[in-house]
file final-v4.cif (mmCIF, C-alpha atoms)
data_my_file
loop_
_atom_site.label_atom_id
_atom_site.label_comp_id
_atom_site.auth_asym_id
_atom_site.auth_seq_id
_atom_site.Cartn_x
_atom_site.Cartn_y
_atom_site.Cartn_z
CA MET A 1 -36.99 -52.86 47.75
CA THR A 2 -36.95 -56.64 47.46
CA ARG A 3 -34.45 -57.85 44.90
CA MET A 4 -35.61 -60.37 42.35
CA ALA A 5 -33.67 -63.27 40.90
CA ARG A 6 -30.98 -62.44 38.38
CA TYR A 7 -30.17 -64.28 35.16
CA ALA A 8 -26.77 -64.46 33.47
CA LEU A 9 -26.26 -65.55 29.87
CA TYR A 10 -23.06 -67.53 29.80
CA PHE A 11 -21.15 -70.06 27.79
CA ALA A 12 -20.37 -73.12 29.91
CA PRO A 13 -18.84 -76.34 28.50
CA ILE A 14 -21.20 -78.56 30.45
CA SER A 15 -21.64 -81.50 28.03
CA ASN A 16 -19.36 -84.04 29.74
CA THR A 17 -16.23 -82.27 28.55
CA PRO A 18 -12.80 -82.27 30.20
CA TRP A 19 -13.10 -78.47 30.31
CA TRP A 20 -16.12 -78.59 32.62
CA ASP A 21 -14.57 -81.22 34.85
CA ALA A 22 -11.33 -79.24 35.19
CA GLY A 23 -13.21 -76.00 35.91
CA CYS A 24 -15.33 -77.59 38.62
CA ARG A 25 -12.30 -79.17 40.26
CA TRP A 26 -10.38 -75.88 40.15
CA PHE A 27 -13.17 -74.12 42.06
CA GLY A 28 -14.35 -77.07 44.15
CA ARG A 29 -17.89 -76.41 43.00
CA ASN A 30 -20.20 -77.68 40.27
CA ALA A 31 -22.72 -75.04 39.21
CA LEU A 32 -24.82 -77.66 37.47
CA ASP A 33 -26.07 -79.20 40.72
CA GLY A 34 -24.48 -77.01 43.40
CA ALA A 35 -22.23 -79.82 44.66
CA GLU A 36 -19.17 -78.64 46.61
CA PHE A 37 -15.91 -80.50 47.22
CA PRO A 38 -12.28 -79.70 48.11
CA GLN A 39 -10.47 -77.41 45.68
CA THR A 40 -7.28 -78.28 43.85
CA GLN A 41 -4.39 -78.32 46.31
CA ILE A 42 -1.49 -75.99 45.43
CA PRO A 43 1.80 -76.49 47.29
CA GLY A 44 2.73 -73.29 49.09
CA ILE A 45 -0.81 -71.89 48.89
CA SER A 46 -3.09 -72.70 51.81
CA ARG A 47 -6.66 -73.87 51.28
CA ILE A 48 -7.95 -70.73 52.99
CA GLN A 49 -5.83 -68.46 50.82
CA LEU A 50 -6.87 -70.25 47.62
CA ALA A 51 -10.53 -70.04 48.66
CA LYS A 52 -10.19 -66.27 49.14
CA LEU A 53 -8.37 -65.83 45.83
CA THR A 54 -11.14 -67.66 43.94
CA ALA A 55 -14.20 -66.63 45.98
CA ARG A 56 -15.89 -64.43 43.39
CA PRO A 57 -15.46 -66.64 40.28
CA ARG A 58 -16.35 -69.68 42.39
CA ARG A 59 -19.71 -68.10 43.28
CA TYR A 60 -20.46 -67.37 39.64
CA GLY A 61 -19.39 -70.82 38.42
CA PHE A 62 -17.12 -71.88 35.58
CA HIS A 63 -18.18 -69.85 32.54
CA ALA A 64 -17.46 -67.22 29.93
CA THR A 65 -19.79 -64.21 30.02
CA LEU A 66 -21.92 -63.37 27.00
CA LYS A 67 -24.37 -61.09 28.85
CA PRO A 68 -23.78 -60.37 32.55
CA PRO A 69 -26.40 -60.95 35.30
CA PHE A 70 -29.58 -58.88 35.11
CA GLU A 71 -33.02 -58.77 36.65
CA LEU A 72 -36.05 -59.09 34.39
CA ALA A 73 -37.69 -55.77 33.63
CA ASP A 74 -41.29 -55.19 34.69
CA GLY A 75 -43.69 -56.89 32.31
CA PHE A 76 -41.46 -59.85 31.46
CA SER A 77 -41.29 -63.37 32.88
CA GLU A 78 -39.02 -66.40 32.81
CA SER A 79 -41.11 -67.86 30.01
CA HIS A 80 -40.24 -64.87 27.82
CA LEU A 81 -36.54 -65.43 28.54
CA VAL A 82 -36.85 -69.11 27.65
CA ASP A 83 -38.69 -68.41 24.38
CA MET A 84 -36.17 -65.77 23.33
CA ALA A 85 -33.22 -68.00 24.23
CA ALA A 86 -34.62 -70.88 22.17
CA ALA A 87 -35.18 -68.60 19.17
CA PHE A 88 -31.75 -66.99 19.48
CA CYS A 89 -29.83 -70.24 19.79
CA HIS A 90 -31.60 -71.79 16.82
CA THR A 91 -29.94 -69.14 14.62
CA GLN A 92 -26.41 -69.46 16.08
CA ARG A 93 -23.80 -71.92 14.92
CA PRO A 94 -21.01 -73.34 17.11
CA ILE A 95 -17.60 -71.69 17.17
CA VAL A 96 -14.50 -73.79 17.85
CA LEU A 97 -11.52 -72.31 19.69
CA GLU A 98 -8.20 -74.08 19.21
CA ASP A 99 -5.95 -72.23 21.67
CA MET A 100 -7.56 -71.71 25.09
CA ARG A 101 -4.82 -71.24 27.67
CA VAL A 102 -4.35 -69.89 31.18
CA ARG A 103 -3.34 -66.26 30.75
CA PRO A 104 -3.19 -63.16 32.95
CA ILE A 105 -5.82 -60.54 32.21
CA GLY A 106 -5.04 -57.44 34.19
CA ASP A 107 -4.31 -58.69 37.69
CA PHE A 108 -6.30 -61.95 37.54
CA LEU A 109 -5.94 -65.29 35.77
CA ALA A 110 -8.33 -66.61 33.17
CA LEU A 111 -8.64 -69.05 30.32
CA SER A 112 -8.68 -67.08 27.08
CA PRO A 113 -7.90 -67.61 23.39
CA ALA A 114 -4.83 -66.14 21.76
CA GLY A 115 -5.59 -62.80 20.12
CA GLN A 116 -9.00 -61.34 19.39
CA ASN A 117 -11.64 -63.61 17.88
CA GLU A 118 -14.01 -61.39 15.89
CA GLU A 119 -16.56 -64.18 15.47
CA ILE A 120 -16.80 -64.58 19.25
CA LYS A 121 -17.07 -60.81 19.76
CA ALA A 122 -19.89 -60.68 17.22
CA LEU A 123 -21.71 -63.52 18.99
CA ALA A 124 -21.40 -61.76 22.35
CA MET A 125 -22.74 -58.50 20.93
CA ARG A 126 -25.67 -60.27 19.29
CA CYS A 127 -26.45 -61.80 22.67
CA VAL A 128 -26.13 -58.46 24.49
CA SER A 129 -28.41 -56.60 22.08
CA PHE A 130 -31.02 -59.31 21.46
CA PHE A 131 -31.78 -59.93 25.13
CA ASP A 132 -31.48 -56.32 26.28
CA LEU A 133 -35.24 -55.94 25.94
CA LEU A 134 -35.60 -58.09 29.08
CA ARG A 135 -33.00 -56.29 31.21
CA ALA A 136 -34.12 -54.12 34.12
CA PRO A 137 -32.00 -50.95 34.43
CA PRO A 138 -29.09 -51.29 36.88
CA THR A 139 -29.43 -49.62 40.26
CA ALA A 140 -27.37 -46.58 41.20
CA GLY A 141 -25.31 -48.81 43.48
CA GLU A 142 -24.58 -51.26 40.66
CA LEU A 143 -23.48 -48.45 38.37
CA GLN A 144 -21.23 -47.00 41.05
CA LYS A 145 -19.62 -50.38 41.64
CA ARG A 146 -18.78 -50.62 37.94
CA ARG A 147 -17.29 -47.14 37.93
CA GLU A 148 -15.05 -47.84 40.90
CA THR A 149 -12.81 -49.93 38.65
CA GLY A 150 -12.01 -46.85 36.56
CA LEU A 151 -13.73 -46.62 33.17
CA THR A 152 -12.71 -44.94 29.95
CA ALA A 153 -15.15 -42.54 28.26
CA ARG A 154 -16.11 -45.31 25.83
CA GLN A 155 -16.69 -47.82 28.62
CA GLU A 156 -18.87 -45.30 30.46
CA ALA A 157 -20.95 -44.87 27.30
CA LEU A 158 -21.34 -48.63 26.99
CA LEU A 159 -22.31 -48.87 30.66
CA GLN A 160 -25.03 -46.27 30.11
CA ARG A 161 -26.37 -48.03 27.00
CA TRP A 162 -26.05 -51.71 27.91
CA GLY A 163 -25.61 -51.76 31.69
CA TYR A 164 -22.11 -53.20 31.30
CA PRO A 165 -18.90 -51.50 30.16
CA TYR A 166 -17.15 -54.48 28.54
CA VAL A 167 -19.21 -55.12 25.42
CA ASP A 168 -18.79 -54.49 21.70
CA GLU A 169 -15.13 -53.68 20.94
CA GLU A 170 -14.32 -53.79 24.69
CA TYR A 171 -15.36 -57.44 24.93
CA GLN A 172 -12.81 -60.21 25.41
CA LEU A 173 -13.94 -63.79 25.90
CA HIS A 174 -12.41 -65.29 29.02
CA MET A 175 -13.21 -67.78 31.75
CA THR A 176 -12.16 -66.22 35.05
CA LEU A 177 -10.11 -68.44 37.36
CA THR A 178 -9.08 -66.07 40.18
CA ASP A 179 -9.82 -62.76 41.78
CA SER A 180 -6.96 -60.24 41.84
CA ILE A 181 -3.59 -61.82 42.61
CA GLY A 182 -1.75 -58.54 42.17
CA ALA A 183 -0.99 -58.20 45.88
CA LEU A 184 0.86 -61.54 45.98
CA ASP A 185 4.58 -61.81 45.55
CA GLU A 186 5.88 -62.93 42.17
CA GLY A 187 6.63 -66.44 43.38
CA SER A 188 3.07 -67.01 44.64
CA ARG A 189 1.58 -65.61 41.43
CA ASN A 190 3.72 -67.99 39.37
CA THR A 191 2.80 -70.91 41.62
CA ILE A 192 -0.92 -70.32 41.13
CA HIS A 193 -0.47 -69.78 37.39
CA GLU A 194 1.44 -73.04 37.02
CA ALA A 195 -1.13 -74.92 39.11
CA ALA A 196 -3.92 -73.65 36.85
CA GLU A 197 -1.99 -74.72 33.77
CA ARG A 198 -1.59 -78.22 35.20
CA ARG A 199 -5.26 -78.45 36.08
CA PHE A 200 -6.35 -77.52 32.52
CA ALA A 201 -3.51 -79.24 30.65
CA ALA A 202 -5.55 -82.28 29.64
CA ALA A 203 -8.54 -80.17 28.61
CA ALA A 204 -6.30 -77.87 26.55
CA ASN A 205 -5.57 -80.79 24.23
CA THR A 206 -9.24 -80.70 23.21
CA PRO A 207 -10.65 -77.80 21.14
CA LEU A 208 -13.21 -75.79 23.10
CA ALA A 209 -16.52 -75.54 21.26
CA ILE A 210 -18.73 -72.53 22.00
CA ASP A 211 -21.80 -74.60 21.23
CA GLY A 212 -24.66 -73.23 23.31
CA LEU A 213 -26.07 -70.64 25.67
CA THR A 214 -26.38 -71.53 29.34
CA ILE A 215 -28.55 -69.43 31.64
CA PHE A 216 -27.28 -69.22 35.21
CA ARG A 217 -29.69 -68.08 37.92
CA GLU A 218 -28.94 -66.17 41.12
CA GLU A 219 -31.84 -66.73 43.48
CA GLN A 220 -31.00 -63.78 45.73
CA PRO A 221 -28.14 -61.28 46.02
CA GLY A 222 -24.92 -62.97 47.03
CA SER A 223 -26.11 -66.54 46.59
CA PRO A 224 -24.11 -68.93 44.37
CA LEU A 225 -25.28 -68.98 40.77
CA LEU A 226 -26.64 -72.27 39.45
CA ILE A 227 -27.22 -73.47 35.94
CA TRP A 228 -30.92 -73.01 35.20
CA ARG A 229 -31.39 -73.78 31.48
CA HIS A 230 -29.16 -74.73 28.57
CA PHE A 231 -29.86 -74.11 24.87
CA PRO A 232 -27.60 -75.70 22.22
CA PHE A 233 -26.63 -73.82 19.08
CA ASN A 234 -27.69 -75.10 15.67
CA PRO A 235 -24.83 -77.14 14.13
CA VAL A 236 -26.37 -76.96 10.62
CA GLN A 237 -26.87 -73.20 10.70
CA PRO A 238 -24.95 -71.89 7.64
CA ALA A 239 -24.15 -68.55 9.31
CA SER A 240 -25.04 -67.02 12.64
CA ALA A 241 -27.75 -64.38 12.51
CA MET A 242 -30.47 -62.70 14.53
CA PRO A 243 -33.85 -64.48 14.69
CA ALA A 244 -36.50 -63.14 12.33
CA PRO A 245 -39.13 -61.23 14.34
CA GLY A 246 -42.79 -62.17 14.38
CA ARG A 247 -45.55 -60.06 12.85
CA LEU A 248 -47.90 -57.78 14.78
CA PHE A 249 -51.55 -57.68 13.70
CA TYR A 250 -53.58 -54.90 15.27
CA VAL A 251 -57.28 -55.60 14.73
CA VAL A 252 -59.68 -52.68 15.13
CA GLY A 253 -63.25 -51.87 14.38
CA PRO A 254 -66.27 -50.08 15.85
CA SER A 255 -68.67 -51.54 18.38
CA GLY A 256 -71.18 -53.73 16.62
CA VAL A 257 -68.90 -54.70 13.78
CA GLY A 258 -68.44 -58.18 15.25
CA LYS A 259 -64.71 -57.87 15.92
CA ASP A 260 -64.74 -59.92 19.15
CA SER A 261 -66.75 -62.72 17.57
CA LEU A 262 -64.49 -62.70 14.53
CA LEU A 263 -61.32 -62.98 16.61
CA GLN A 264 -62.83 -65.77 18.69
CA TRP A 265 -63.75 -67.65 15.51
CA VAL A 266 -60.19 -67.31 14.20
CA ARG A 267 -58.61 -68.23 17.53
CA GLN A 268 -60.52 -71.53 17.64
CA ARG A 269 -59.04 -72.45 14.26
CA VAL A 270 -55.41 -71.49 14.75
CA PRO A 271 -53.23 -74.60 15.29
CA ALA A 272 -51.67 -74.83 18.74
CA ASP A 273 -48.19 -75.09 17.20
CA ALA A 274 -48.61 -72.14 14.85
CA GLY A 275 -46.58 -69.81 17.07
CA VAL A 276 -49.41 -67.28 17.29
CA VAL A 277 -50.13 -65.24 20.41
CA PHE A 278 -53.52 -63.62 21.00
CA ALA A 279 -52.51 -60.85 23.38
CA GLN A 280 -54.47 -60.62 26.59
CA ARG A 281 -55.59 -57.09 27.42
CA THR A 282 -55.76 -55.44 30.82
CA ILE A 283 -59.03 -53.48 31.18
CA THR A 284 -60.45 -51.33 33.96
CA ARG A 285 -63.74 -53.15 34.23
CA ALA A 286 -65.08 -56.22 35.97
CA SER A 287 -64.56 -59.62 34.40
CA HIS A 288 -67.06 -60.57 31.72
CA ALA A 289 -67.92 -64.10 30.62
CA SER A 290 -67.95 -63.17 26.93
CA GLU A 291 -64.27 -62.12 26.83
CA THR A 292 -61.02 -63.21 28.47
CA TYR A 293 -58.96 -60.31 29.81
CA GLU A 294 -57.18 -59.13 32.94
CA ALA A 295 -59.65 -57.09 34.96
CA THR A 296 -58.34 -54.35 37.23
CA ASP A 297 -59.28 -51.00 38.76
CA VAL A 298 -58.11 -47.57 37.63
CA ASP A 299 -55.59 -47.12 40.47
CA THR A 300 -53.92 -50.48 39.85
CA PHE A 301 -53.89 -49.85 36.12
CA GLY A 302 -52.15 -46.53 36.72
CA LYS A 303 -49.48 -48.19 38.86
CA TYR A 304 -48.85 -50.80 36.18
CA ALA A 305 -48.55 -48.11 33.53
CA ALA A 306 -46.18 -46.01 35.65
CA ALA A 307 -43.98 -49.07 36.22
CA GLY A 308 -43.66 -49.55 32.46
CA ARG A 309 -45.47 -52.86 32.28
CA PHE A 310 -47.47 -51.98 29.17
CA SER A 311 -46.39 -51.72 25.55
CA MET A 312 -49.67 -50.03 24.66
CA VAL A 313 -52.19 -47.99 26.61
CA TRP A 314 -55.38 -46.38 25.32
CA LYS A 315 -58.76 -45.19 26.55
CA ALA A 316 -62.09 -45.96 24.92
CA ASN A 317 -65.67 -45.78 26.16
CA ASP A 318 -64.44 -44.48 29.56
CA LEU A 319 -62.29 -47.57 30.08
CA TYR A 320 -58.50 -47.92 30.12
CA TYR A 321 -56.89 -50.69 28.06
CA GLY A 322 -53.34 -51.96 28.25
CA VAL A 323 -51.29 -54.62 26.50
CA ARG A 324 -48.42 -55.97 28.58
CA ARG A 325 -44.81 -55.78 27.39
CA GLY A 326 -44.61 -59.53 27.01
CA ILE A 327 -45.72 -59.10 23.40
CA GLU A 328 -42.34 -57.52 22.66
CA ALA A 329 -40.61 -60.72 23.75
CA ASN A 330 -43.14 -62.76 21.75
CA LEU A 331 -42.28 -60.77 18.62
CA LYS A 332 -38.53 -61.10 19.27
CA SER A 333 -39.00 -64.87 19.57
CA GLY A 334 -40.57 -64.98 16.12
CA ARG A 335 -44.15 -65.39 17.28
CA ASP A 336 -46.97 -63.56 15.50
CA VAL A 337 -49.04 -61.41 17.86
CA ILE A 338 -52.70 -60.51 17.36
CA ILE A 339 -54.14 -57.62 19.37
CA ASN A 340 -57.76 -56.60 19.78
CA GLY A 341 -57.18 -52.87 19.59
CA SER A 342 -58.72 -49.42 19.31
CA ARG A 343 -59.11 -47.26 16.22
CA GLU A 344 -58.03 -44.16 18.12
CA TYR A 345 -54.69 -45.73 19.05
CA VAL A 346 -53.59 -46.45 15.47
CA PRO A 347 -51.48 -43.25 15.09
CA GLN A 348 -49.52 -44.10 18.28
CA LEU A 349 -49.25 -47.74 17.21
CA VAL A 350 -47.42 -46.97 13.98
CA GLN A 351 -44.97 -44.77 15.89
CA SER A 352 -44.02 -47.54 18.34
CA PHE A 353 -44.46 -50.50 15.97
CA PRO A 354 -43.90 -49.20 12.43
CA ASP A 355 -44.14 -52.69 10.91
CA ALA A 356 -47.50 -53.45 12.50
CA GLN A 357 -50.29 -54.59 10.21
CA VAL A 358 -53.59 -52.80 10.96
CA VAL A 359 -56.66 -54.92 10.19
CA TRP A 360 -59.67 -52.60 9.98
CA ILE A 361 -62.92 -54.53 10.47
CA GLU A 362 -66.01 -52.82 9.07
CA ALA A 363 -69.65 -53.52 8.31
CA ASP A 364 -72.55 -51.62 6.80
CA THR A 365 -74.45 -49.16 8.97
CA ALA A 366 -77.64 -51.21 9.24
CA THR A 367 -75.72 -54.29 10.40
CA ILE A 368 -73.83 -52.31 13.04
CA GLN A 369 -77.02 -50.80 14.41
CA GLU A 370 -78.78 -54.15 14.48
CA ARG A 371 -75.91 -55.81 16.34
CA LEU A 372 -75.62 -53.02 18.92
CA VAL A 373 -79.32 -53.23 19.69
CA SER A 374 -79.27 -57.03 19.94
CA ARG A 375 -76.36 -56.95 22.45
CA GLN A 376 -78.69 -55.23 24.97
CA ARG A 377 -75.75 -53.64 26.79
CA GLU A 378 -77.07 -50.08 26.39
CA SER A 379 -80.38 -48.43 25.68
CA GLY A 380 -81.73 -44.94 25.09
CA ALA A 381 -79.15 -42.14 24.93
CA ALA A 382 -76.26 -44.47 25.74
CA LEU A 383 -77.15 -46.69 22.80
CA LEU A 384 -77.35 -43.68 20.48
CA ARG A 385 -73.94 -42.48 21.61
CA ARG A 386 -72.51 -45.94 20.99
CA ILE A 387 -73.99 -45.98 17.46
CA ASP A 388 -72.63 -42.49 16.72
CA ARG A 389 -69.16 -43.46 17.89
CA ALA A 390 -69.27 -46.66 15.82
CA LEU A 391 -69.66 -44.55 12.69
CA GLU A 392 -67.24 -41.82 13.77
CA PHE A 393 -63.92 -43.01 12.35
CA ALA A 394 -62.93 -43.53 8.74
CA ALA A 395 -60.45 -46.24 7.92
CA PRO A 396 -56.95 -44.89 7.23
CA THR A 397 -55.19 -45.73 4.01
CA GLY A 398 -51.73 -47.11 3.43
CA GLN A 399 -49.83 -50.30 2.75
CA LYS A 400 -50.05 -51.36 6.40
CA VAL A 401 -53.87 -51.17 6.57
CA VAL A 402 -56.15 -53.97 5.38
CA ARG A 403 -59.93 -53.42 5.34
CA LEU A 404 -62.06 -56.47 6.01
CA ASP A 405 -65.84 -56.41 5.67
CA ASN A 406 -67.82 -58.39 8.27
CA SER A 407 -71.34 -57.53 7.18
CA GLY A 408 -72.09 -61.08 6.15
CA PRO A 409 -71.66 -64.54 7.69
CA LEU A 410 -68.92 -64.78 10.32
CA ASP A 411 -67.07 -67.62 8.61
CA VAL A 412 -66.62 -65.59 5.42
CA ALA A 413 -64.75 -62.76 7.15
CA GLY A 414 -63.05 -65.29 9.44
CA GLN A 415 -61.61 -67.20 6.50
CA ARG A 416 -60.32 -63.97 4.97
CA LEU A 417 -58.60 -63.10 8.24
CA LEU A 418 -57.02 -66.54 8.43
CA GLU A 419 -55.71 -66.07 4.90
CA LEU A 420 -54.27 -62.70 5.88
CA LEU A 421 -52.48 -64.34 8.80
CA LYS A 422 -51.26 -67.08 6.41
CA LEU A 423 -52.27 -69.82 8.85
#
call {"tool": "encode", "arguments": {"input": "final-v4.cif", "output": "structure tokens"}}
result
Amino acid sequence: MTRMARYALYFAPISNTPWWDAGCRWFGRNALDGAEFPQTQIPGISRIQLAKLTARPRRYGFHATLKPPFELADGFSESHLVDMAAAFCHTQRPIVLEDMRVRPIGDFLALSPAGQNEEIKALAMRCVSFFDLLRAPPTAGELQKRRETGLTARQEALLQRWGYPYVDEEYQLHMTLTDSIGALDEGSRNTIHEAAERRFAAAANTPLAIDGLTIFREEQPGSPLLIWRHFPFNPVQPASAMPAPGRLFYVVGPSGVGKDSLLQWVRQRVPADAGVVFAQRTITRASHASETYEATDVDTFGKYAAAGRFSMVWKANDLYYGVRRGIEANLKSGRDVIINGSREYVPQLVQSFPDAQVVWIEADTATIQERLVSRQRESGAALLRRIDRALEFAAPTGQKVVRLDNSGPLDVAGQRLLELLKL
């Protein structure tokens, strides 16, 4: 199977700080542009030996992990990652660390703060949980590699849940400087430690501000990671929090009620900057000029569904309909999502999206019959079946259901729908 690009959510002090300069010089590599240059020289440690001892962190670049590298799950794209990152970072405030020093962690060296910083741990866990929607499950090989280091029962549970064992209470912010130096003699270990302290001495006089989220990208397995996008935190945010989710409006109604025309009317009047997404459906029928959707055949639709690319799947009038998982990222980013749905799917909808608002479009019987006849899509028995089905379902009741009559002029019902959306 071809591996896709991976994305890592890191903190990197890239804004012309002495920390970034020192980190790049320590590794001999700048992950911002991929530039490479000679590493720091350490008396008594050869260039080749130093390169081997820093090979892994050098490939990943100078950083502190917030969420480790992951592939995007089926149904999500880079644009979803960008939107979610922008929304997340807008609700995070910077955190200043006063005591970042070179310290041993296990058998490697890293920059880390003194003690445990609960505010940093909370930030990392918010990052892990918020973006987990986008993460493809780890492969069996990746899981095995994690387990080879020896995991506690708690770390195994975290690995199963989050794809990484060092999250939540197991998390410790650090900026890795070496691979294992445990096999070196004590003198060599001390020499490397002292060299790292000298390299970061000037930077250590400046507080380190955790002031943004930087996305590193690995183009293919084993390639050096490069900085892809950076999102600053919000310095005026009073307290860090999760972004408020968007609202889901599920619009349903029988054939002939004018639902498609009503949604088109509303869509033409929604401001481009309103943060509203009209979800595109995938349908097992040929493209039609009167509606924009992704046309596909039954076999392809089945493959998409089996791969988990849809948030919703239903069948109506002998056609399969799907809504891609991207809407979940849209909602996480705070965007309102409007879906042209099916009445039969409402019970499943409220199970998967309990906060969804169902908008039930209706019209009087005579109007429905007149509109179905005027469409000229069916005739004879097929038309009668369509009319019968249009009158088959009764609108459910409940706080999450709004009934909207579209028997009259389109702009009247359209204005009511706009008011419901608060646009």
call {"tool": "closest_residue", "arguments": {"input": "final-v4.cif", "among": "A:Gly115, A:Pro68, A:Pro224, A:Pro243", "to": "Gln172 (chain A)", "atoms": "only C-alpha atoms"}}
result
A:Gly115
call {"tool": "residues_around", "arguments": {"input": "final-v4.cif", "residues": "region 186-194 of chain A", "least_positions_apart": "6", "cutoff": "9 Å", "atoms": "only C-alpha atoms", "output": "list in words"}}
result
Ile42, Pro43, Gly44, Ile45, Leu50, Val102, Arg103, Pro104 and Leu109 of chain A
call {"tool": "resolve_selection", "arguments": {"input": "final-v4.cif", "expression": "the PyMOL selection byres ((chain A and resi 215-218) around 9)", "output": "PyMOL selection string"}}
result
chain A and resi 4-11+31+60-61+69+85+213-214+219-231
call {"tool": "residues_around", "arguments": {"input": "final-v4.cif", "residues": "Ala73 (chain A)", "least_positions_apart": "3", "cutoff": "6 Å", "atoms": "all atoms listed in the file", "output": "JSON, numbers by chain"}}
result
{"A": [76, 134, 135, 136]}
call {"tool": "resolve_selection", "arguments": {"input": "final-v4.cif", "expression": "the PyMOL selection byres ((chain A and resi 177) around 10)", "output": "ChimeraX atom specification"}}
result
/A:23,26-27,53-58,61-63,102-104,108-111,174-176,178-180,193,196
call {"tool": "atom_distance", "arguments": {"input": "final-v4.cif", "atom1": "CA of Gly163 (chain A)", "atom2": "CA of Thr91 (chain A)"}}
result
24.7 Å
call {"tool": "closest_residue", "arguments": {"input": "final-v4.cif", "among": "A:Leu319, A:Val277, A:Ile283, A:Val350", "to": "Tyr304 (chain A)", "atoms": "all atoms listed in the file"}}
result
A:Ile283
call {"tool": "closest_residue", "arguments": {"input": "final-v4.cif", "among": "A:Glu170, A:Leu143, A:Trp19, A:Ala306", "to": "Gln116 (chain A)", "atoms": "all atoms listed in the file"}}
result
A:Glu170
call {"tool": "residues_around", "arguments": {"input": "final-v4.cif", "residues": "Thr300 (chain A)", "least_positions_apart": "3", "cutoff": "12 Å", "atoms": "only C-alpha atoms", "output": "list in words"}}
result
Thr282, Ile283, Thr284, Arg285, Glu294, Ala295, Thr296, Asp297, Lys303, Tyr304, Ala305, Ala306, Ala307, Arg309, Tyr320 and Gly322 of chain A
call {"tool": "residues_around", "arguments": {"input": "final-v4.cif", "residues": "Ser407 (chain A)", "least_positions_apart": "2", "cutoff": "12 Å", "atoms": "only C-alpha atoms", "output": "list in words"}}
result
Gly256, Val257, Gly258, Lys259, Leu262, Ile361, Glu362, Ala363, Asp364, Thr365, Ala366, Thr367, Ile368, Gln369, Glu370, Arg371, Leu404, Asp405, Pro409, Leu410, Asp411, Val412, Ala413 and Gly414 of chain A
call {"tool": "atom_distance", "arguments": {"input": "final-v4.cif", "atom1": "CA of Asp318 (chain A)", "atom2": "CA of Ser342 (chain A)"}}
result
12.7 Å
call {"tool": "axis_aligned_box", "arguments": {"input": "final-v4.cif", "around": "region 38-52 of chain A", "padding_each_side": "6 Å", "output": "JSON"}}
result
{"center_x": -4.8, "center_y": -73.0, "center_z": 48.4, "size_x": 27.0, "size_y": 25.4, "size_z": 21.1}
call {"tool": "closest_residue", "arguments": {"input": "final-v4.cif", "among": "A:Val252, A:Val236, A:Met125, A:Ala286", "to": "Arg93 (chain A)", "atoms": "all atoms listed in the file"}}
result
A:Val236
call {"tool": "residues_near_point", "arguments": {"input": "final-v4.cif", "point": "(-46.0, -64.7, 18.5)", "cutoff": "7 Å", "atoms": "all atoms listed in the file", "output": "PyMOL selection string"}}
result
chain A and resi 246+275-277+330-331+334-337
call {"tool": "atom_distance", "arguments": {"input": "final-v4.cif", "atom1": "CA of Phe131 (chain A)", "atom2": "CA of Ile210 (chain A)"}}
result
18.4 Å
call {"tool": "closest_residue", "arguments": {"input": "final-v4.cif", "among": "A:Ser261, A:Asn205, A:Thr65, A:Gln348", "to": "Ile120 (chain A)", "atoms": "only C-alpha atoms"}}
result
A:Thr65
call {"tool": "resolve_selection", "arguments": {"input": "final-v4.cif", "expression": "the PyMOL selection byres ((chain A and resi 206) around 9)", "output": "PyMOL selection string"}}
result
chain A and resi 17-19+98+202-205+207-208
